[in-house]
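This is final28.cif (mmCIF, C-alpha atoms).
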data_run
loop_
_atom_site.label_atom_id
_atom_site.label_comp_id
_atom_site.auth_asym_id
_atom_site.auth_seq_id
_atom_site.Cartn_x
_atom_site.Cartn_y
_atom_site.Cartn_z
CA MET A 51 4.71 58.95 87.02
CA ILE A 52 2.46 56.98 84.68
CA GLY A 53 2.36 57.14 80.90
CA VAL A 54 3.76 59.65 78.43
CA ALA A 55 2.95 63.34 78.71
CA LEU A 56 4.37 64.37 75.34
CA GLU A 57 6.02 62.62 72.43
CA SER A 58 7.91 64.18 69.51
CA ARG A 59 8.55 61.92 66.54
CA GLY A 60 11.12 62.61 63.85
CA LEU A 61 10.94 66.42 63.90
CA VAL A 62 12.81 68.24 61.14
CA LYS A 63 13.21 72.02 61.08
CA ARG A 64 15.49 73.86 58.66
CA TYR A 65 16.79 77.41 58.69
CA GLY A 66 18.20 77.72 55.19
CA HIS A 67 20.73 74.92 54.80
CA CYS A 68 20.99 74.37 58.57
CA ARG A 69 18.90 71.62 60.18
CA ALA A 70 18.03 72.91 63.64
CA LEU A 71 16.05 69.70 64.24
CA ASP A 72 17.22 66.61 62.39
CA GLY A 73 14.91 63.74 63.29
CA PHE A 74 14.34 64.90 66.87
CA SER A 75 12.43 62.19 68.79
CA LEU A 76 11.62 62.27 72.50
CA ALA A 77 8.96 60.83 74.81
CA ILE A 78 8.57 62.54 78.21
CA PRO A 79 6.96 60.67 81.12
CA ARG A 80 3.96 62.33 82.73
CA GLY A 81 4.98 64.17 85.91
CA ALA A 82 8.67 64.27 84.97
CA VAL A 83 11.04 67.17 85.40
CA LEU A 84 13.18 66.80 82.27
CA GLY A 85 16.50 68.54 81.77
CA LEU A 86 17.62 69.35 78.22
CA VAL A 87 21.41 69.52 78.00
CA GLY A 88 23.47 70.43 74.98
CA PRO A 89 25.69 73.04 73.34
CA ASN A 90 24.43 76.33 71.96
CA GLY A 91 22.66 75.71 68.67
CA ALA A 92 21.86 72.08 69.50
CA GLY A 93 18.13 72.55 68.82
CA LYS A 94 16.78 72.80 72.36
CA THR A 95 15.05 76.16 71.94
CA THR A 96 13.80 75.29 68.46
CA TRP A 97 12.17 72.15 69.85
CA MET A 98 10.49 74.11 72.65
CA MET A 99 9.14 76.66 70.17
CA SER A 100 7.77 73.85 68.01
CA VAL A 101 6.01 72.25 70.99
CA ALA A 102 4.48 75.62 71.86
CA LYS A 103 3.25 75.94 68.23
CA LEU A 104 5.32 79.08 67.67
CA LEU A 105 7.03 77.53 64.66
CA ARG A 106 6.18 74.77 62.23
CA CYS A 107 8.45 71.83 61.45
CA LYS A 108 9.04 70.55 57.93
CA ALA A 109 8.48 66.93 59.01
CA GLY A 110 7.53 64.88 62.03
CA GLU A 111 4.92 65.44 64.71
CA THR A 112 4.49 66.14 68.40
CA VAL A 113 1.63 64.45 70.24
CA PHE A 114 0.42 66.38 73.28
CA SER A 115 -2.95 67.21 74.75
CA GLY A 116 -3.14 69.83 77.46
CA SER A 117 -2.17 73.37 78.43
CA ILE A 118 1.34 74.78 78.00
CA GLY A 119 3.28 77.50 79.80
CA LEU A 120 6.44 78.84 78.13
CA LEU A 121 9.38 80.84 79.48
CA PRO A 122 11.46 81.98 76.48
CA GLN A 123 15.13 82.65 77.04
CA ASP A 124 14.72 86.21 75.74
CA SER A 125 11.49 88.15 75.74
CA GLU A 126 10.10 91.68 75.88
CA LEU A 127 7.29 92.89 78.13
CA PRO A 128 4.97 95.90 77.70
CA LEU A 129 6.88 98.46 79.74
CA GLU A 130 4.00 100.73 80.76
CA MET A 131 1.72 98.00 82.15
CA SER A 132 1.68 97.14 85.83
CA VAL A 133 2.79 93.69 86.86
CA ARG A 134 -0.65 92.84 88.23
CA SER A 135 -2.48 94.03 85.10
CA LEU A 136 -0.14 92.10 82.82
CA LEU A 137 -0.50 88.80 84.67
CA SER A 138 -4.25 89.23 85.17
CA GLY A 139 -4.54 89.86 81.44
CA TYR A 140 -2.61 86.69 80.62
CA ALA A 141 -4.87 84.75 82.98
CA ARG A 142 -7.97 86.20 81.32
CA LEU A 143 -6.65 84.99 77.96
CA GLN A 144 -6.74 81.48 79.43
CA GLY A 145 -10.49 81.88 79.97
CA MET A 146 -10.45 82.76 83.68
CA SER A 147 -13.05 85.12 85.11
CA ALA A 148 -11.82 88.52 86.28
CA ALA A 149 -11.94 87.40 89.92
CA ASP A 150 -10.12 84.12 89.24
CA ALA A 151 -7.51 85.92 87.14
CA ALA A 152 -6.83 88.40 89.94
CA ARG A 153 -6.43 85.56 92.45
CA ALA A 154 -4.16 83.58 90.12
CA ALA A 155 -1.96 86.62 89.51
CA ALA A 156 -1.65 87.37 93.22
CA ASP A 157 -0.86 83.74 94.02
CA ILE A 158 1.95 83.38 91.50
CA LEU A 159 3.38 86.81 92.38
CA GLU A 160 3.62 85.69 95.99
CA ARG A 161 5.43 82.52 94.94
CA VAL A 162 8.02 84.46 92.93
CA ASN A 163 8.34 87.12 95.66
CA LEU A 164 6.93 90.04 93.66
CA LEU A 165 3.62 90.70 95.41
CA ASP A 166 5.03 93.93 96.87
CA ARG A 167 5.70 95.15 93.30
CA ALA A 168 2.35 94.09 91.88
CA ASP A 169 1.27 97.64 91.05
CA ALA A 170 4.65 98.78 89.78
CA SER A 171 5.20 99.28 86.05
CA ILE A 172 7.32 96.78 84.17
CA ARG A 173 9.61 99.68 83.23
CA SER A 174 10.48 100.28 86.89
CA LEU A 175 11.65 96.70 87.49
CA SER A 176 15.22 95.45 87.45
CA HIS A 177 16.30 92.84 84.90
CA GLY A 178 16.00 90.09 87.48
CA MET A 179 12.51 91.21 88.49
CA ARG A 180 11.37 91.24 84.87
CA LYS A 181 12.68 87.71 84.52
CA ARG A 182 10.57 86.72 87.54
CA VAL A 183 7.47 88.29 85.93
CA MET A 184 8.07 86.21 82.80
CA THR A 185 8.58 83.15 85.00
CA ALA A 186 5.34 83.92 86.83
CA GLN A 187 3.29 84.07 83.61
CA CYS A 188 4.30 80.59 82.50
CA PHE A 189 2.95 79.03 85.73
CA LEU A 190 -0.41 80.83 85.61
CA GLY A 191 -3.28 78.37 85.70
CA ASP A 192 -0.97 75.48 86.65
CA PRO A 193 -0.50 74.25 83.06
CA ASP A 194 -0.02 70.57 82.24
CA LEU A 195 3.37 71.29 80.65
CA VAL A 196 5.82 74.10 81.43
CA LEU A 197 8.79 74.75 79.13
CA LEU A 198 11.60 76.75 80.75
CA ASP A 199 14.50 78.04 78.64
CA GLU A 200 17.44 78.98 80.91
CA PRO A 201 15.12 79.89 83.82
CA MET A 202 17.86 80.69 86.37
CA ASN A 203 19.67 83.26 84.23
CA GLY A 204 19.46 86.70 85.81
CA LEU A 205 18.22 85.45 89.19
CA ASP A 206 20.13 85.98 92.42
CA PRO A 207 20.76 82.89 94.58
CA VAL A 208 17.76 83.49 96.86
CA GLU A 209 15.32 83.90 93.97
CA ALA A 210 16.84 80.97 92.09
CA GLU A 211 16.16 78.77 95.13
CA ARG A 212 12.59 80.10 95.31
CA LEU A 213 12.06 79.11 91.66
CA ARG A 214 13.46 75.63 92.34
CA LYS A 215 10.76 75.16 94.97
CA VAL A 216 8.06 76.22 92.51
CA ILE A 217 9.36 73.68 89.98
CA LEU A 218 9.68 70.87 92.50
CA ALA A 219 6.12 71.45 93.73
CA ARG A 220 4.93 70.27 90.29
CA LYS A 221 6.97 67.06 90.20
CA ASP A 222 4.92 63.84 89.85
CA ARG A 223 1.79 65.97 89.25
CA LYS A 224 2.52 68.04 86.13
CA THR A 225 5.35 67.93 83.57
CA THR A 226 8.22 70.41 83.36
CA VAL A 227 11.07 70.75 80.85
CA ILE A 228 14.16 72.81 81.67
CA SER A 229 16.82 73.76 79.13
CA SER A 230 19.92 74.83 81.01
CA HIS A 231 23.71 74.84 81.02
CA HIS A 232 23.66 74.79 84.84
CA LEU A 233 24.11 71.07 85.38
CA LEU A 234 24.15 71.26 89.17
CA ASP A 235 20.69 72.84 89.03
CA LEU A 236 19.48 70.05 86.79
CA GLU A 237 20.85 67.43 89.19
CA ARG A 238 18.85 69.03 91.99
CA LEU A 239 15.64 69.33 90.01
CA CYS A 240 15.33 66.69 87.33
CA THR A 241 13.94 63.19 87.25
CA HIS A 242 15.08 62.67 83.63
CA VAL A 243 17.74 64.16 81.34
CA ALA A 244 18.11 64.29 77.56
CA PHE A 245 21.40 65.14 75.84
CA VAL A 246 20.79 67.08 72.62
CA ASP A 247 23.26 67.76 69.81
CA ALA A 248 22.92 68.70 66.14
CA GLY A 249 19.13 68.57 66.31
CA ARG A 250 18.86 65.05 67.73
CA ILE A 251 18.52 63.34 71.09
CA ARG A 252 21.86 61.63 71.67
CA ARG A 253 21.02 60.05 75.03
CA PHE A 254 17.98 59.96 77.29
CA GLY A 255 17.30 58.38 80.66
CA SER A 256 16.35 58.91 84.26
CA LEU A 257 18.78 60.91 86.35
CA ALA A 258 19.41 57.81 88.48
CA GLU A 259 20.31 55.76 85.38
CA LEU A 260 22.64 58.40 83.97
CA THR A 261 24.49 59.15 87.21
CA VAL A 262 25.00 55.54 88.32
CA ASP A 263 28.18 54.77 90.31
CA GLY A 264 28.24 58.25 91.80
CA ARG A 265 29.09 60.10 88.59
CA THR A 266 27.90 63.68 88.32
CA LEU A 267 25.74 64.88 85.46
CA GLU A 268 28.61 67.07 84.32
CA GLU A 269 30.91 64.04 84.09
CA VAL A 270 28.33 62.11 82.08
CA TYR A 271 27.74 65.04 79.76
CA LEU A 272 31.45 65.58 79.10
CA GLU A 273 31.76 61.91 78.18
CA GLN A 274 29.17 62.52 75.45
CA ALA A 275 30.85 65.65 74.08
#

As structure tokens:
Amino acid sequence: MIGVALESRGLVKRYGHCRALDGFSLAIPRGAVLGLVGPNGAGKTTWMMSVAKLLRCKAGETVFSGSIGLLPQDSELPLEMSVRSLLSGYARLQGMSAADAARAAADILERVNLLDRADASIRSLSHGMRKRVMTAQCFLGDPDLVLLDEPMNGLDPVEAERLRKVILARKDRKTTVISSHHLLDLERLCTHVAFVDAGRIRRFGSLAELTVDGRTLEEVYLEQA
């Protein structure tokens, strides 16, 4: 990993009197798999939404140049569309030709084990399958940065392991950020970890640095709490 993929500097975002981001600063190495760890309401999702330009901060800036894929924690899909049509449409919005979009949709559906449901409507899918469709869309076109908010929620163990392989295939090549309360997953996946609380980064480092002397990520996190 060489250089910085993304850097946020002093971000401030208020919701009324609450500061969701309170001087949030973070530099992510290029090719890293970064885990964001913190309590509910710490600012993790707000930061992701700001990076994706879905909300505007009152102060600060984020420096990033490249394509972004986003998996929100909660999202709705158009129920009457087929899986294939939906993903092909998303790919077309990225500027792909119809043929390239069809190939990209088929490729990512195979990787998330949904190719056999490609022509099914979103309405007919289980909750876990819909989550895999949303996961598939954020990897379309192999974006430079993928932001994943609680990506394992709703997945059975087999599909969760399949997603881990998709994430690990990007390591050292593209940058991925995972917000999750599943610390064992983060230990398996991440090269770096940032502890977030009250809208700020409280601690940041490589996984090897943070878990020195055989400590688990959970032990390190509880020491910070």

- [ ] Would you mind reading off the distance between atom CA of A:Ser75 and atom CA of A:Arg106, one decimal, in Å?
- [x]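 Atom-to-atom, atom CA of A:Ser75 and atom CA of A:Arg106 are spaced 15.5 Å apart.
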
Residues near A:Val83, anyone? I mean within 8 Å using all atoms listed in the file, not counting same-chain ones fewer than 6 positions away, as a compact mmCIF listing (two decimals) with C-alpha atoms, keeping the file's coordinate frame.
# COMPACT_ATOMS: atom_id res chain seq x y z
CA LYS A 221 6.97 67.06 90.20
CA THR A 225 5.35 67.93 83.57
CA THR A 226 8.22 70.41 83.36
CA VAL A 227 11.07 70.75 80.85
CA ILE A 228 14.16 72.81 81.67
CA LEU A 239 15.64 69.33 90.01
CA CYS A 240 15.33 66.69 87.33
CA THR A 241 13.94 63.19 87.25
CA HIS A 242 15.08 62.67 83.63

Open item on the list: Let me make sure I understand: among A:Leu197, A:Gly204, A:Lys215, A:Gly249, which one has the smallest atom-to-atom distance to A:Pro122 if we use all atoms listed in the file?
Closed with: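 Ranking A:Leu197, A:Gly204, A:Lys215, A:Gly249 by distance to A:Pro122, first place goes to A:Leu197.
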
Task: Interatomic distance, atom CA of A:Leu86 to atom CA of A:Leu143 (Å, one decimal) - done: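 Straight-line distance from atom CA of A:Leu86 to atom CA of A:Leu143 works out to 28.9 Å.
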
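Note that the spacing between atom CA of A:Lys181 and atom CA of A:Ala141 amounts to 17.9 Å.
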
Task: Nearest candidate to A:Lys224 (options A:Leu56, A:Leu195, A:Ala102, A:Leu190; using all atoms listed in the file) - done: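 Checking each of A:Leu56, A:Leu195, A:Ala102, A:Leu190 against A:Lys224, counting all atoms listed in the file, the winner is A:Leu195.
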
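When only C-alpha atoms are used to compute distances to A:Gly255, the closest of the residues A:Leu213, A:Leu159, A:Cys68, A:Ala77 turns out to be A:Ala77.
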
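Here the question is which of A:Met184, A:Val54, A:Leu164, A:Leu257 gets nearest to A:Asp124 using only C-alpha atoms, and that residue is A:Met184.
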
Task: A:Asp192 environment, 12 Å, only C-alpha atoms, sequence neighbours closer than 5 positions dropped, as a PyMOL selection string - done: chain A and resi 116-120+141+144+154-155+157-158+186-187+216-217+219-220+223-226

TODO: Just say which residues the PyMOL selection byres ((chain A and resi 91) around 10) picks in this file, as a list in words.
DONE: Ala70, Leu71, Gly88, Pro89, Asn90, Ala92, Gly93, Lys94, Thr95, Thr96, Val246, Asp247, Ala248 and Gly249 of chain A

Output C-alpha atoms of each residue in that selection to a file, as a PDB file, in the frame of the given file.
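Printed below is selection38.pdb as written:
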ATOM      1  CA  ALA A  70      18.030  72.910  63.640  1.00  0.00           C
ATOM      2  CA  LEU A  71      16.050  69.700  64.240  1.00  0.00           C
ATOM      3  CA  GLY A  88      23.470  70.430  74.980  1.00  0.00           C
ATOM      4  CA  PRO A  89      25.690  73.040  73.340  1.00  0.00           C
ATOM      5  CA  ASN A  90      24.430  76.330  71.960  1.00  0.00           C
ATOM      6  CA  ALA A  92      21.860  72.080  69.500  1.00  0.00           C
ATOM      7  CA  GLY A  93      18.130  72.550  68.820  1.00  0.00           C
ATOM      8  CA  LYS A  94      16.780  72.800  72.360  1.00  0.00           C
ATOM      9  CA  THR A  95      15.050  76.160  71.940  1.00  0.00           C
ATOM     10  CA  THR A  96      13.800  75.290  68.460  1.00  0.00           C
ATOM     11  CA  VAL A 246      20.790  67.080  72.620  1.00  0.00           C
ATOM     12  CA  ASP A 247      23.260  67.760  69.810  1.00  0.00           C
ATOM     13  CA  ALA A 248      22.920  68.700  66.140  1.00  0.00           C
ATOM     14  CA  GLY A 249      19.130  68.570  66.310  1.00  0.00           C
TER      15      GLY A 249
END

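Residue nearest A:Thr185 within the list A:Arg173, A:Lys108, A:Arg161, A:Arg167: A:Arg161 [criterion: smallest interatomic distance, all atoms listed in the file].
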
TODO: Place a sphere of radius 8 Å on (17.3, 63.0, 63.6) in the file coordinates and name every protein, DNA or RNA residue with an atom inside or on its surface, counting all atoms listed in the file; give the answer as number ranges by chain.
DONE: A: 60-62, 71-75, 249-251

Open item on the list: Taking the file as I've supplied it (selection: the PyMOL selection byres ((chain A and resi 233) around 12)), which residues are included? Please answer as a PyMOL selection string.
Closed with: chain A and resi 85-88+200+202+228-232+234-240+243-245+257+266-272

- [ ] For the file shown, report as a ChimeraX atom specification the outcome of the PyMOL selection byres ((chain A and resi 183) around 12) at residue level.
- [x] /A:121,125-129,131-138,140,155-156,158-165,167-168,170-173,175-182,184-190,201,205,213

- [ ] Counting only C-alpha atoms, figure out which residue out of A:Leu104, A:Ala275, A:Gln123, A:Gly191 gets nearest to A:Asn203.
- [x] A:Gln123
